[in-house]
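Asks: Below are the structure tokens for one structure; questions will follow.
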Amino acid sequence: MRPETAVAIRLEDYASAPYRIDTVDLDIQLNPRAATITARLAISRQDGTPEGTDLVLDGDALELFGLAIDGLPLTQDRYTVTPDKLTLNEVPTHPFVLEIVTRINPDANTELMGLYRSSGTYCTQCEAEGFRCITYFLDRPDVLSVYTTRIEARKGEAPVLLGNGNLIQSGDLPGTDRHFAVWHDPHPKPSYLFAMVAGDLAHVADTFVTSSGREVDLKIYVEHGRENRCAWAMDSLKRSMKWDEEVFGCEYDLDIFNIVAVSDFNMGAMENKGLNIFNDKYVLADPETATDQDYANIEAVIAHEYFHNWTGNRITCRDWFQLCLKEGLTVFRDQEFSSNMRSRPVKRISDVRLLKSHQFPEDAGPLAHPVRPRKYTEINNFYTATVYEKGAEVVRMLKTLLGPDGFRKGMDLYFERHDGEATTIEAFLACFSEATSTDLGQFARWYEQAGTPQVDVKSQYNAASGDLTLEINQMISPLPGQPSSDPSVIPLRFGLIGPNGDDMPPSSVTGAKVQGDVLILEDKTQSVTFSGLPSKPVLSLLRGFSAPVQLEAHQSADDLLFLARQDCDPFNRWQALQTRATQDLISLAAKAVANQPLKADPQLVDAFGDVLTNEDLDPAFRALALQLPSEADLARDTGMNVDPDAISAARSTLRKALGSAHANAFKSAMSNRPTGTFSPDAANAGQRALANQALGYYAASGENDIEAVLTNAFDRADNMTDLIAALTLLVHDGLPSAEQRLEAFRKRHEDTSLAMDKWFMVQATAALADGLERVKALTAHPLFDFANPNRVRSLVHAFATGNPTQFARIDGSGFEFVADNVIAIDQRNPQVASRLLTCFRSWRAYEKTRSAHAEAQLLRISSAEKLSRDSRDIVERCLQ
Ligand code: 0A1
Ligand code: ZN
């Protein structure tokens, strides 16, 4: 395990490395319990480094077996070594080759960082600081080297040997059962992009011809028997390669692009140069085992990793504070790709839902940090929704402010100027500023300030003058370490809608800069006047969610329902109904707390009915619009004194009211499913989404044939989307036939681990009175495995995030269960444990009984023996 002692690393302390490592030659001798690594590093002093400066290399739990300079073994007085540091003194003044021999145990590596084995396959994960688990190195992203990797293993055990770049040599070792391969990557890269894989793997192959006519061999490696589940991933890869050429002018730069799918992986996937390694959940798909959402996720993650080749690999980060330089930008790129492949409004709504459900709570609590943090103790804890998703929103705003052409000019300059470098957010912004002659000084605050700006808008219409005046105020609530903040540049896309539903263009706008239909807010308070309006318009603000802010526009219930029916901006049409539903649900929850009777607002019930039956709207959009805000969303919007039972009661009341008011319409919508052979495309997926949404409401209707309808839907399902939708409703509603259908699902899918993850997840998220006991029992199920991150996420993590009433049981037992798991998992895999621990981040928002229980569990975790640096960092920040 990594050292527990936490040293804060600060952006202001950045200093470039005193030495360069121009080439890295690795010889990796693989054996399950003892892999020997010989690294030959060509090292030279950086300009400006004084002679005699110590060379300090990073390690992590390493054991040194040999050390030589230019072929001569080093005597003990020339170096000091610990498991996490190798310091050379009397370093030669001239360039030299340092040879380091280390030995590690892949089988014992349960942290899944560095070199480990997943189902018998050797693989590596080096971001952020995993290379130092393999050999001593300047393990920082601004040290770029050309790598040559020789891998040797038993041929029977690992017939496939893969490395970064191109294969330059391979063969058998005569007289032994071993063979080898040598890979060379001509592109200098940081150590976090190093990878190797060795195992008995099958593959599927294809080719892609780049815009300049080069043929690239594409291969996806998987466990034997899974080859027929790779077609969608391969198709997504080819579409990504083409899209990046067309939209960003980025062409692939090696002759080979390999993807390997492994079943034990801490994150989603990793963009290692020419050798992406994926959590198999983002590769494998067929209609039997993958849902439409899985197909969409695979398309997005394949694209994301591929796009990193330019935004991350060719141009990388100077230090880990700049993580959003590659992640925010690459998420923006993958979102745009998916928008082009699918429905843009539906993709936008889905992305904003994710941002609001994951990033907004992070930004409002003890784990809040700027998109570019200034301080960390454990970098693995900064692969966050803020760095990724808010980082993408910041890039999106840049495009909104500069326009598509200005944005493309800035990107072109960035690629041209920084190719081959490790750089910073300042350098990135300078490209846009120079390419478009725009001052981005204030815009840069988006990278520097934590917290979601709250934008408050009060409007007043003067019928005599035809003026509409907005009083706009922006502020960020104080956060730990950020007592005050400065105003941000906020692009606010707007529309003024007349009584007939058409936008009314104002004759002039004063009080703010305007670019087309975007107001550019720059001050803490601003008074903006639109003139020349013949009648009072309904305001549509923040169209397309043009900035990651929390808007309070003080609109009447009637205006919100008008927007839900009339706005030409599909995002705001969706948002208006969500806002209206949220208001109603929060007031119902308050009534539940006060033990008053609950009744849904009939106008709201009608508005949902209109969405359901409006055939002019895309089915995928209708499915999203019918989805009520989640219990977690409602808790977030409630603010303080959250009572999850009251929220749940409120939401059930509205669901039931909707189900019974529109039972017939839901019944007909749920049978309107795509016909013919299965296709995961957006149109078919949208139709299924609407049918399953309708099935869910029908299940809430109180009709007496519900159980028959659901079992029938389960029994007739011919794809995973429909099957899991029906199973979820049966289990979540606690219907008698649930057990038998769970058993039928298990029998059908027990050999398919990704499908069984869904089986665990359905049960983990059932808000039944004995939900917690069921989840506890499932941790003892023969198919449950603490060593597999996907399985832990599908049961324990899904319980903590997707079962709010059971997690936050009033007796504290839900919190206690999750805390027990954090403590146990931390011993084996700190990254998985610390991520699970973040589920406690909003603990202060609960009403006082629950928050006291949560605090007690956090204190118990913080006093646990031998807590990892990862979990220690999160628990301390949660408690601060
Ligand atoms: N760079 C990857 C994410 C990633 C980060 C850390 C990892 O191991 C600790 C693995 C993957 C991406 O953005 O896809
Ligand atoms: Zn990424």
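Labels for the structure tokens follow display order: chains A, B, ..., residues from 1 in each chain, ligands from 1.
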Around ligand 1, which protein and nucleic acid residues have at least one atom no more than 7 Å from it, if we count only C-alpha atoms and all ligand atoms? List them as a list in words.

Replies: Met113, Gln125, Cys126, Glu127, Ala128, Asn266, Met267, Gly268, Ala269, Met270, Glu271, His304, Glu305, Glu327, Asn380 and Tyr383 of chain A

Asks: Take the residues that were just selected and, keeping N, CA and C atoms, output them as a short mmCIF file (atom, residue, chain, number, x, y, z; two decimals), in the first residue's frame.

Replies:
data_model
loop_
_atom_site.label_atom_id
_atom_site.label_comp_id
_atom_site.auth_asym_id
_atom_site.auth_seq_id
_atom_site.Cartn_x
_atom_site.Cartn_y
_atom_site.Cartn_z
N MET A 113 -2.73 -1.04 -9.70
CA MET A 113 -1.87 0.06 -10.17
C MET A 113 -0.51 -0.52 -10.46
N GLN A 125 -1.38 -0.40 -15.37
CA GLN A 125 -2.10 0.88 -15.28
C GLN A 125 -1.12 1.86 -14.67
N CYS A 126 -0.72 2.86 -15.44
CA CYS A 126 0.33 3.77 -14.95
C CYS A 126 -0.15 5.18 -14.63
N GLU A 127 -1.31 5.61 -15.13
CA GLU A 127 -1.81 6.91 -14.70
C GLU A 127 -2.40 6.75 -13.31
N ALA A 128 -2.19 7.66 -12.39
CA ALA A 128 -1.32 8.81 -12.55
C ALA A 128 0.12 8.45 -12.15
N ASN A 266 -9.72 -0.27 -12.35
CA ASN A 266 -10.25 0.70 -11.38
C ASN A 266 -11.15 1.75 -12.01
N MET A 267 -10.85 2.13 -13.23
CA MET A 267 -11.59 3.23 -13.85
C MET A 267 -12.30 2.73 -15.12
N GLY A 268 -12.60 3.65 -16.03
CA GLY A 268 -13.30 3.27 -17.25
C GLY A 268 -12.37 2.69 -18.30
N ALA A 269 -11.31 3.43 -18.58
CA ALA A 269 -10.36 3.00 -19.61
C ALA A 269 -9.15 3.91 -19.56
N MET A 270 -8.10 3.53 -20.31
CA MET A 270 -6.86 4.28 -20.24
C MET A 270 -6.24 4.43 -21.62
N GLU A 271 -5.83 5.67 -21.91
CA GLU A 271 -5.41 6.06 -23.25
C GLU A 271 -3.94 5.78 -23.57
N HIS A 304 -13.55 8.75 -26.43
CA HIS A 304 -12.79 9.54 -25.45
C HIS A 304 -11.32 9.10 -25.44
N GLU A 305 -11.09 7.80 -25.31
CA GLU A 305 -9.70 7.32 -25.23
C GLU A 305 -8.97 7.59 -26.55
N GLU A 327 -8.37 16.23 -19.72
CA GLU A 327 -9.65 15.56 -19.46
C GLU A 327 -10.86 16.42 -19.83
N ASN A 380 -4.92 10.61 -7.22
CA ASN A 380 -6.00 9.71 -7.68
C ASN A 380 -7.38 10.21 -7.25
N TYR A 383 -9.54 12.68 -10.01
CA TYR A 383 -10.20 12.27 -11.26
C TYR A 383 -11.70 12.41 -11.00
#

Asks: Find the residues near ligand 2. Use a cut-off of 12 Å, count only C-alpha atoms and all ligand atoms, and write them as a PyMOL selection string.

Replies: chain A and resi 127-128+193+267-272+276+278+300-313+316+323-334+383-385+387-389+391-392

Asks: DSSP on the backbone: which residues in segment 291-413 of chain A end up as helix (DSSP H, G or I)? Give the answer as an MDAnalysis selection string.

Replies: chainID A and resid 292:307 320:341 344:364 379:382 385:413

Asks: Generate the output file for the selected residues, C-alpha atoms, as a PDB file, in the first residue's frame.

Replies:
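Below is the file that was written, part-v1.pdb:
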ATOM      1  CA  ASP A 292     -28.830   0.769 -25.031  1.00  0.00           C
ATOM      2  CA  GLN A 293     -27.098   2.827 -22.371  1.00  0.00           C
ATOM      3  CA  ASP A 294     -24.152   0.399 -22.484  1.00  0.00           C
ATOM      4  CA  TYR A 295     -23.919   0.821 -26.251  1.00  0.00           C
ATOM      5  CA  ALA A 296     -23.953   4.613 -25.895  1.00  0.00           C
ATOM      6  CA  ASN A 297     -21.312   4.461 -23.149  1.00  0.00           C
ATOM      7  CA  ILE A 298     -19.047   2.224 -25.221  1.00  0.00           C
ATOM      8  CA  GLU A 299     -19.282   4.605 -28.164  1.00  0.00           C
ATOM      9  CA  ALA A 300     -18.421   7.541 -25.891  1.00  0.00           C
ATOM     10  CA  VAL A 301     -15.546   5.893 -23.989  1.00  0.00           C
ATOM     11  CA  ILE A 302     -13.939   4.421 -27.113  1.00  0.00           C
ATOM     12  CA  ALA A 303     -14.082   7.901 -28.618  1.00  0.00           C
ATOM     13  CA  HIS A 304     -12.786   9.537 -25.452  1.00  0.00           C
ATOM     14  CA  GLU A 305      -9.696   7.322 -25.228  1.00  0.00           C
ATOM     15  CA  TYR A 306      -9.023   7.619 -28.937  1.00  0.00           C
ATOM     16  CA  PHE A 307      -9.342  11.428 -28.845  1.00  0.00           C
ATOM     17  CA  TRP A 320      -1.170  16.851 -12.468  1.00  0.00           C
ATOM     18  CA  PHE A 321      -2.741  20.181 -11.547  1.00  0.00           C
ATOM     19  CA  GLN A 322      -3.304  20.558 -15.290  1.00  0.00           C
ATOM     20  CA  LEU A 323      -5.328  17.330 -15.484  1.00  0.00           C
ATOM     21  CA  CYS A 324      -8.349  19.192 -16.907  1.00  0.00           C
ATOM     22  CA  LEU A 325      -6.162  20.284 -19.828  1.00  0.00           C
ATOM     23  CA  LYS A 326      -6.494  16.789 -21.212  1.00  0.00           C
ATOM     24  CA  GLU A 327      -9.650  15.562 -19.462  1.00  0.00           C
ATOM     25  CA  GLY A 328     -12.025  18.517 -19.736  1.00  0.00           C
ATOM     26  CA  LEU A 329     -11.043  19.039 -23.352  1.00  0.00           C
ATOM     27  CA  THR A 330     -11.333  15.355 -24.235  1.00  0.00           C
ATOM     28  CA  VAL A 331     -14.731  15.010 -22.536  1.00  0.00           C
ATOM     29  CA  PHE A 332     -15.901  18.025 -24.528  1.00  0.00           C
ATOM     30  CA  ARG A 333     -14.648  16.305 -27.694  1.00  0.00           C
ATOM     31  CA  ASP A 334     -16.357  12.995 -26.892  1.00  0.00           C
ATOM     32  CA  GLN A 335     -19.615  14.803 -26.049  1.00  0.00           C
ATOM     33  CA  GLU A 336     -19.514  16.549 -29.413  1.00  0.00           C
ATOM     34  CA  PHE A 337     -18.813  13.250 -31.163  1.00  0.00           C
ATOM     35  CA  SER A 338     -21.807  11.580 -29.499  1.00  0.00           C
ATOM     36  CA  SER A 339     -23.976  14.603 -30.336  1.00  0.00           C
ATOM     37  CA  ASN A 340     -23.051  14.172 -33.985  1.00  0.00           C
ATOM     38  CA  MET A 341     -23.706  10.438 -33.891  1.00  0.00           C
ATOM     39  CA  ARG A 344     -27.818  16.644 -30.026  1.00  0.00           C
ATOM     40  CA  PRO A 345     -30.579  17.852 -27.650  1.00  0.00           C
ATOM     41  CA  VAL A 346     -30.951  14.423 -26.043  1.00  0.00           C
ATOM     42  CA  LYS A 347     -27.196  14.158 -25.562  1.00  0.00           C
ATOM     43  CA  ARG A 348     -27.065  17.658 -24.086  1.00  0.00           C
ATOM     44  CA  ILE A 349     -29.867  16.921 -21.626  1.00  0.00           C
ATOM     45  CA  SER A 350     -28.189  13.652 -20.587  1.00  0.00           C
ATOM     46  CA  ASP A 351     -24.841  15.384 -20.063  1.00  0.00           C
ATOM     47  CA  VAL A 352     -26.385  18.165 -18.000  1.00  0.00           C
ATOM     48  CA  ARG A 353     -28.285  15.648 -15.880  1.00  0.00           C
ATOM     49  CA  LEU A 354     -24.986  13.925 -15.158  1.00  0.00           C
ATOM     50  CA  LEU A 355     -23.289  17.230 -14.361  1.00  0.00           C
ATOM     51  CA  LYS A 356     -26.047  18.268 -11.979  1.00  0.00           C
ATOM     52  CA  SER A 357     -26.272  14.914 -10.249  1.00  0.00           C
ATOM     53  CA  HIS A 358     -22.516  14.322  -9.840  1.00  0.00           C
ATOM     54  CA  GLN A 359     -20.651  17.575 -10.178  1.00  0.00           C
ATOM     55  CA  PHE A 360     -23.016  20.076  -8.539  1.00  0.00           C
ATOM     56  CA  PRO A 361     -23.067  18.195  -5.206  1.00  0.00           C
ATOM     57  CA  GLU A 362     -19.287  17.829  -5.340  1.00  0.00           C
ATOM     58  CA  ASP A 363     -18.956  21.566  -5.962  1.00  0.00           C
ATOM     59  CA  ALA A 364     -21.259  22.427  -3.073  1.00  0.00           C
ATOM     60  CA  ILE A 379      -3.817  12.784  -7.128  1.00  0.00           C
ATOM     61  CA  ASN A 380      -5.998   9.713  -7.682  1.00  0.00           C
ATOM     62  CA  ASN A 381      -8.736  11.552  -5.768  1.00  0.00           C
ATOM     63  CA  PHE A 382      -8.803  14.314  -8.392  1.00  0.00           C
ATOM     64  CA  ALA A 385     -16.659  15.181 -12.033  1.00  0.00           C
ATOM     65  CA  THR A 386     -15.308  18.703 -11.557  1.00  0.00           C
ATOM     66  CA  VAL A 387     -12.105  18.064 -13.524  1.00  0.00           C
ATOM     67  CA  TYR A 388     -13.875  16.021 -16.205  1.00  0.00           C
ATOM     68  CA  GLU A 389     -17.428  17.294 -16.575  1.00  0.00           C
ATOM     69  CA  LYS A 390     -17.127  20.881 -15.368  1.00  0.00           C
ATOM     70  CA  GLY A 391     -13.831  21.010 -17.285  1.00  0.00           C
ATOM     71  CA  ALA A 392     -15.776  20.105 -20.435  1.00  0.00           C
ATOM     72  CA  GLU A 393     -18.369  22.795 -19.700  1.00  0.00           C
ATOM     73  CA  VAL A 394     -15.598  25.381 -19.510  1.00  0.00           C
ATOM     74  CA  VAL A 395     -14.342  24.365 -22.954  1.00  0.00           C
ATOM     75  CA  ARG A 396     -17.935  24.492 -24.229  1.00  0.00           C
ATOM     76  CA  MET A 397     -18.290  28.066 -22.918  1.00  0.00           C
ATOM     77  CA  LEU A 398     -15.071  28.983 -24.677  1.00  0.00           C
ATOM     78  CA  LYS A 399     -16.624  27.790 -27.915  1.00  0.00           C
ATOM     79  CA  THR A 400     -19.837  29.708 -27.197  1.00  0.00           C
ATOM     80  CA  LEU A 401     -17.881  32.902 -26.508  1.00  0.00           C
ATOM     81  CA  LEU A 402     -15.499  32.645 -29.460  1.00  0.00           C
ATOM     82  CA  GLY A 403     -17.905  31.078 -31.958  1.00  0.00           C
ATOM     83  CA  PRO A 404     -17.187  27.869 -33.913  1.00  0.00           C
ATOM     84  CA  ASP A 405     -14.590  29.479 -36.179  1.00  0.00           C
ATOM     85  CA  GLY A 406     -12.739  31.232 -33.381  1.00  0.00           C
ATOM     86  CA  PHE A 407     -12.747  28.051 -31.357  1.00  0.00           C
ATOM     87  CA  ARG A 408     -11.328  26.021 -34.242  1.00  0.00           C
ATOM     88  CA  LYS A 409      -8.613  28.647 -34.838  1.00  0.00           C
ATOM     89  CA  GLY A 410      -7.618  28.421 -31.201  1.00  0.00           C
ATOM     90  CA  MET A 411      -7.522  24.603 -31.316  1.00  0.00           C
ATOM     91  CA  ASP A 412      -5.442  24.658 -34.503  1.00  0.00           C
ATOM     92  CA  LEU A 413      -2.947  26.991 -32.881  1.00  0.00           C
TER      93      LEU A 413
END

Asks: Go through segment 45-121 of chain A and collect every residue that DSSP, computed from the backbone, puts in strand (DSSP E or B); the answer should be as number ranges by chain.

Replies: A: 45, 55-58, 64-69, 72-73, 79-82, 85-88, 96-104, 114-118, 121

Asks: Restricting the calculation to only C-alpha atoms: of A:Val822, A:Leu86, A:Ala808, A:Leu577, which residue gets closest to Ala854 of chain A?

Replies: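 The answer is A:Ala808, which sits nearest to Ala854 of chain A.
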
Asks: Can you pull out the residues contacting Val91 of chain A? Cut-off 12 Å, using only C-alpha atoms, and skip same-chain residues under 6 positions away; I want them as a ChimeraX atom specification.

Replies: /A:18-19,43-45,49-56,68-70,74,77-79,97-98

Asks: Save the residues we just selected, N, CA and C atoms, as a JSON list (two decimals), in the first residue's frame?

Replies:
[["chain", "number", "residue", "atom", "x", "y", "z"],
["A", 18, "PRO", "N", 15.12, 18.27, -12.81],
["A", 18, "PRO", "CA", 16.52, 18.63, -13.01],
["A", 18, "PRO", "C", 17.23, 17.78, -14.06],
["A", 19, "TYR", "N", 16.67, 16.62, -14.37],
["A", 19, "TYR", "CA", 17.29, 15.72, -15.36],
["A", 19, "TYR", "C", 16.29, 15.36, -16.44],
["A", 43, "ILE", "N", 20.05, 9.29, -19.43],
["A", 43, "ILE", "CA", 19.76, 10.47, -18.60],
["A", 43, "ILE", "C", 20.76, 11.58, -18.87],
["A", 44, "SER", "N", 20.26, 12.81, -18.91],
["A", 44, "SER", "CA", 21.20, 13.93, -18.97],
["A", 44, "SER", "C", 20.66, 15.09, -18.13],
["A", 45, "ARG", "N", 21.59, 15.96, -17.75],
["A", 45, "ARG", "CA", 21.23, 17.10, -16.92],
["A", 45, "ARG", "C", 20.48, 18.12, -17.76],
["A", 49, "THR", "N", 20.65, 22.98, -14.52],
["A", 49, "THR", "CA", 20.83, 22.16, -13.31],
["A", 49, "THR", "C", 22.30, 22.16, -12.92],
["A", 50, "PRO", "N", 22.63, 22.58, -11.70],
["A", 50, "PRO", "CA", 24.03, 22.60, -11.29],
["A", 50, "PRO", "C", 24.63, 21.19, -11.27],
["A", 51, "GLU", "N", 25.87, 21.09, -11.63],
["A", 51, "GLU", "CA", 26.57, 19.79, -11.52],
["A", 51, "GLU", "C", 26.46, 19.30, -10.10],
["A", 52, "GLY", "N", 26.35, 17.98, -9.95],
["A", 52, "GLY", "CA", 26.34, 17.41, -8.60],
["A", 52, "GLY", "C", 24.96, 17.37, -7.96],
["A", 53, "THR", "N", 23.94, 17.88, -8.70],
["A", 53, "THR", "CA", 22.58, 17.80, -8.15],
["A", 53, "THR", "C", 22.15, 16.34, -8.05],
["A", 54, "ASP", "N", 21.62, 15.97, -6.88],
["A", 54, "ASP", "CA", 21.15, 14.59, -6.71],
["A", 54, "ASP", "C", 20.07, 14.25, -7.74],
["A", 55, "LEU", "N", 20.06, 13.00, -8.15],
["A", 55, "LEU", "CA", 18.98, 12.51, -9.00],
["A", 55, "LEU", "C", 18.05, 11.69, -8.11],
["A", 56, "VAL", "N", 16.83, 12.17, -7.95],
["A", 56, "VAL", "CA", 15.89, 11.50, -7.04],
["A", 56, "VAL", "C", 14.77, 10.87, -7.86],
["A", 68, "ALA", "N", 23.39, 0.22, -11.98],
["A", 68, "ALA", "CA", 24.69, 0.44, -12.64],
["A", 68, "ALA", "C", 24.61, 1.73, -13.45],
["A", 69, "ILE", "N", 25.76, 2.36, -13.61],
["A", 69, "ILE", "CA", 25.84, 3.52, -14.50],
["A", 69, "ILE", "C", 26.84, 3.19, -15.60],
["A", 70, "ASP", "N", 26.41, 3.36, -16.84],
["A", 70, "ASP", "CA", 27.22, 3.04, -18.01],
["A", 70, "ASP", "C", 27.86, 1.65, -17.87],
["A", 74, "LEU", "N", 26.95, 0.22, -9.23],
["A", 74, "LEU", "CA", 27.21, 1.33, -8.31],
["A", 74, "LEU", "C", 27.53, 0.81, -6.92],
["A", 77, "ASP", "N", 27.89, 3.64, -1.56],
["A", 77, "ASP", "CA", 28.03, 5.04, -1.15],
["A", 77, "ASP", "C", 27.50, 6.02, -2.21],
["A", 78, "ARG", "N", 27.21, 5.50, -3.39],
["A", 78, "ARG", "CA", 26.75, 6.39, -4.47],
["A", 78, "ARG", "C", 25.24, 6.59, -4.47],
["A", 79, "TYR", "N", 24.52, 5.85, -3.65],
["A", 79, "TYR", "CA", 23.05, 5.98, -3.69],
["A", 79, "TYR", "C", 22.43, 5.62, -2.34],
["A", 97, "VAL", "N", 23.93, 6.26, -18.96],
["A", 97, "VAL", "CA", 22.84, 5.27, -18.94],
["A", 97, "VAL", "C", 22.77, 4.66, -17.55],
["A", 98, "LEU", "N", 21.60, 4.80, -16.96],
["A", 98, "LEU", "CA", 21.38, 4.24, -15.63],
["A", 98, "LEU", "C", 20.61, 2.94, -15.80]]

Asks: Excluding Val197 of chain A and residues on its chain fewer than 5 positions from it, collect all residues at most 8 Å away from it, counting only C-alpha atoms, and give them as an MDAnalysis selection string.

Replies: chainID A and resid 121:124 160:163 260

Asks: For those residues, write N, CA and C atoms to a file as a CSV table (one decimal), in the first residue's frame.

Replies:
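Resulting contents of selection.csv:
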chain,number,residue,atom,x,y,z
A,121,THR,N,-4.4,-12.4,-17.2
A,121,THR,CA,-3.7,-11.6,-18.2
A,121,THR,C,-2.8,-10.5,-17.4
A,122,TYR,N,-1.5,-10.4,-17.8
A,122,TYR,CA,-0.7,-9.4,-17.2
A,122,TYR,C,-1.1,-8.1,-17.9
A,123,CYS,N,-1.3,-7.0,-17.1
A,123,CYS,CA,-1.6,-5.7,-17.7
A,123,CYS,C,-1.0,-4.6,-16.8
A,124,THR,N,-1.0,-3.4,-17.3
A,124,THR,CA,-0.5,-2.3,-16.5
A,124,THR,C,-1.5,-1.2,-16.4
A,160,VAL,N,0.2,-13.9,-26.4
A,160,VAL,CA,0.1,-12.5,-26.9
A,160,VAL,C,0.9,-11.5,-26.0
A,161,LEU,N,1.9,-10.8,-26.7
A,161,LEU,CA,2.7,-9.8,-26.0
A,161,LEU,C,2.5,-8.5,-26.6
A,162,LEU,N,2.0,-7.5,-25.9
A,162,LEU,CA,1.7,-6.2,-26.5
A,162,LEU,C,2.4,-5.1,-25.8
A,163,GLY,N,2.9,-4.1,-26.6
A,163,GLY,CA,3.4,-2.9,-25.9
A,163,GLY,C,3.0,-1.6,-26.7
A,260,VAL,N,-7.2,-3.4,-25.5
A,260,VAL,CA,-7.3,-4.6,-24.7
A,260,VAL,C,-8.4,-4.4,-23.7

Asks: Find the residues near segment 839-849 of chain A: any atom within 6 Å, counting only C-alpha atoms, skip ones fewer than 4 places away on the same chain, and give them as a list of chain:residue names.

Replies: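 Returned residues: A:Met640, A:Asn641, A:Val642, A:Cys878.
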
Asks: Counting only C-alpha atoms, which residues in segment 15-66 of chain A sit no more than 8 Å from segment 150-157 of chain A? For each one, give the nearest pair of atoms and the distance in Å, sorted by chain then residue number, as JSON lines.

Replies:
{"residue": "A:Asp25", "atom": "CA", "partner": "A:Arg150", "partner_atom": "CA", "distance": 7.9}
{"residue": "A:Leu26", "atom": "CA", "partner": "A:Arg150", "partner_atom": "CA", "distance": 6.0}
{"residue": "A:Asp27", "atom": "CA", "partner": "A:Arg150", "partner_atom": "CA", "distance": 4.7}
{"residue": "A:Ile28", "atom": "CA", "partner": "A:Ile151", "partner_atom": "CA", "distance": 4.8}
{"residue": "A:Gln29", "atom": "CA", "partner": "A:Glu152", "partner_atom": "CA", "distance": 4.9}
{"residue": "A:Leu30", "atom": "CA", "partner": "A:Ala153", "partner_atom": "CA", "distance": 5.0}
{"residue": "A:Asn31", "atom": "CA", "partner": "A:Ala153", "partner_atom": "CA", "distance": 6.8}

Asks: For segment 138-141 of chain A, work out the shell of residues within 6 Å, counting only C-alpha atoms and skipping chain neighbours fewer than 5 positions away, then give it as a list of chain:residue names.

Replies: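 Everything that qualifies: A:Leu57, A:Asp58, A:Pro190, A:Arg318, A:Asp319.
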
Asks: When you count only C-alpha atoms, which of these residues is closest to Gln827 of chain A: A:Tyr147, A:Phe545, A:Phe415, A:Phe786?

Replies: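 That would be A:Phe786, the residue with the smallest distance to Gln827 of chain A.
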
Asks: Would you list the contacts of Ile724 of chain A as a ChimeraX atom specification, taking every protein, DNA or RNA residue within 9 Å and counting only C-alpha atoms, but skipping same-chain residues closer than 3 positions in sequence?

Replies: /A:291,714,717,719-721,727-729,758-759,762

Asks: Go ahead and write the selection's residues with C-alpha atoms as a CSV table (one decimal), in the first residue's frame.

Replies:
chain,number,residue,atom,x,y,z
A,291,THR,CA,-28.4,-2.2,-22.7
A,714,PHE,CA,-39.8,-9.8,-18.8
A,717,ALA,CA,-37.9,-9.3,-23.8
A,719,ASN,CA,-32.8,-7.7,-25.5
A,720,MET,CA,-31.1,-6.6,-22.3
A,721,THR,CA,-32.6,-3.1,-22.3
A,727,LEU,CA,-36.8,-6.9,-13.9
A,728,THR,CA,-36.1,-3.6,-12.1
A,729,LEU,CA,-39.8,-2.8,-11.8
A,758,LYS,CA,-26.8,-5.6,-13.5
A,759,TRP,CA,-28.4,-8.4,-11.4
A,762,VAL,CA,-31.1,-4.1,-9.5

Asks: Determine the nearest neighbour of Pro619 of chain A from the options A:Ser343, A:Val81, A:Ala592, A:Gly771, counting only C-alpha atoms.

Replies: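 Closest to Pro619 of chain A of all the choices is A:Ser343.
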
Asks: Nearest residue to Leu612 of chain A out of A:Gln693, A:Gln76, A:Ser868, A:Ser556, using only C-alpha atoms?

Replies: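 Under the stated criterion, the closest residue is A:Gln693.
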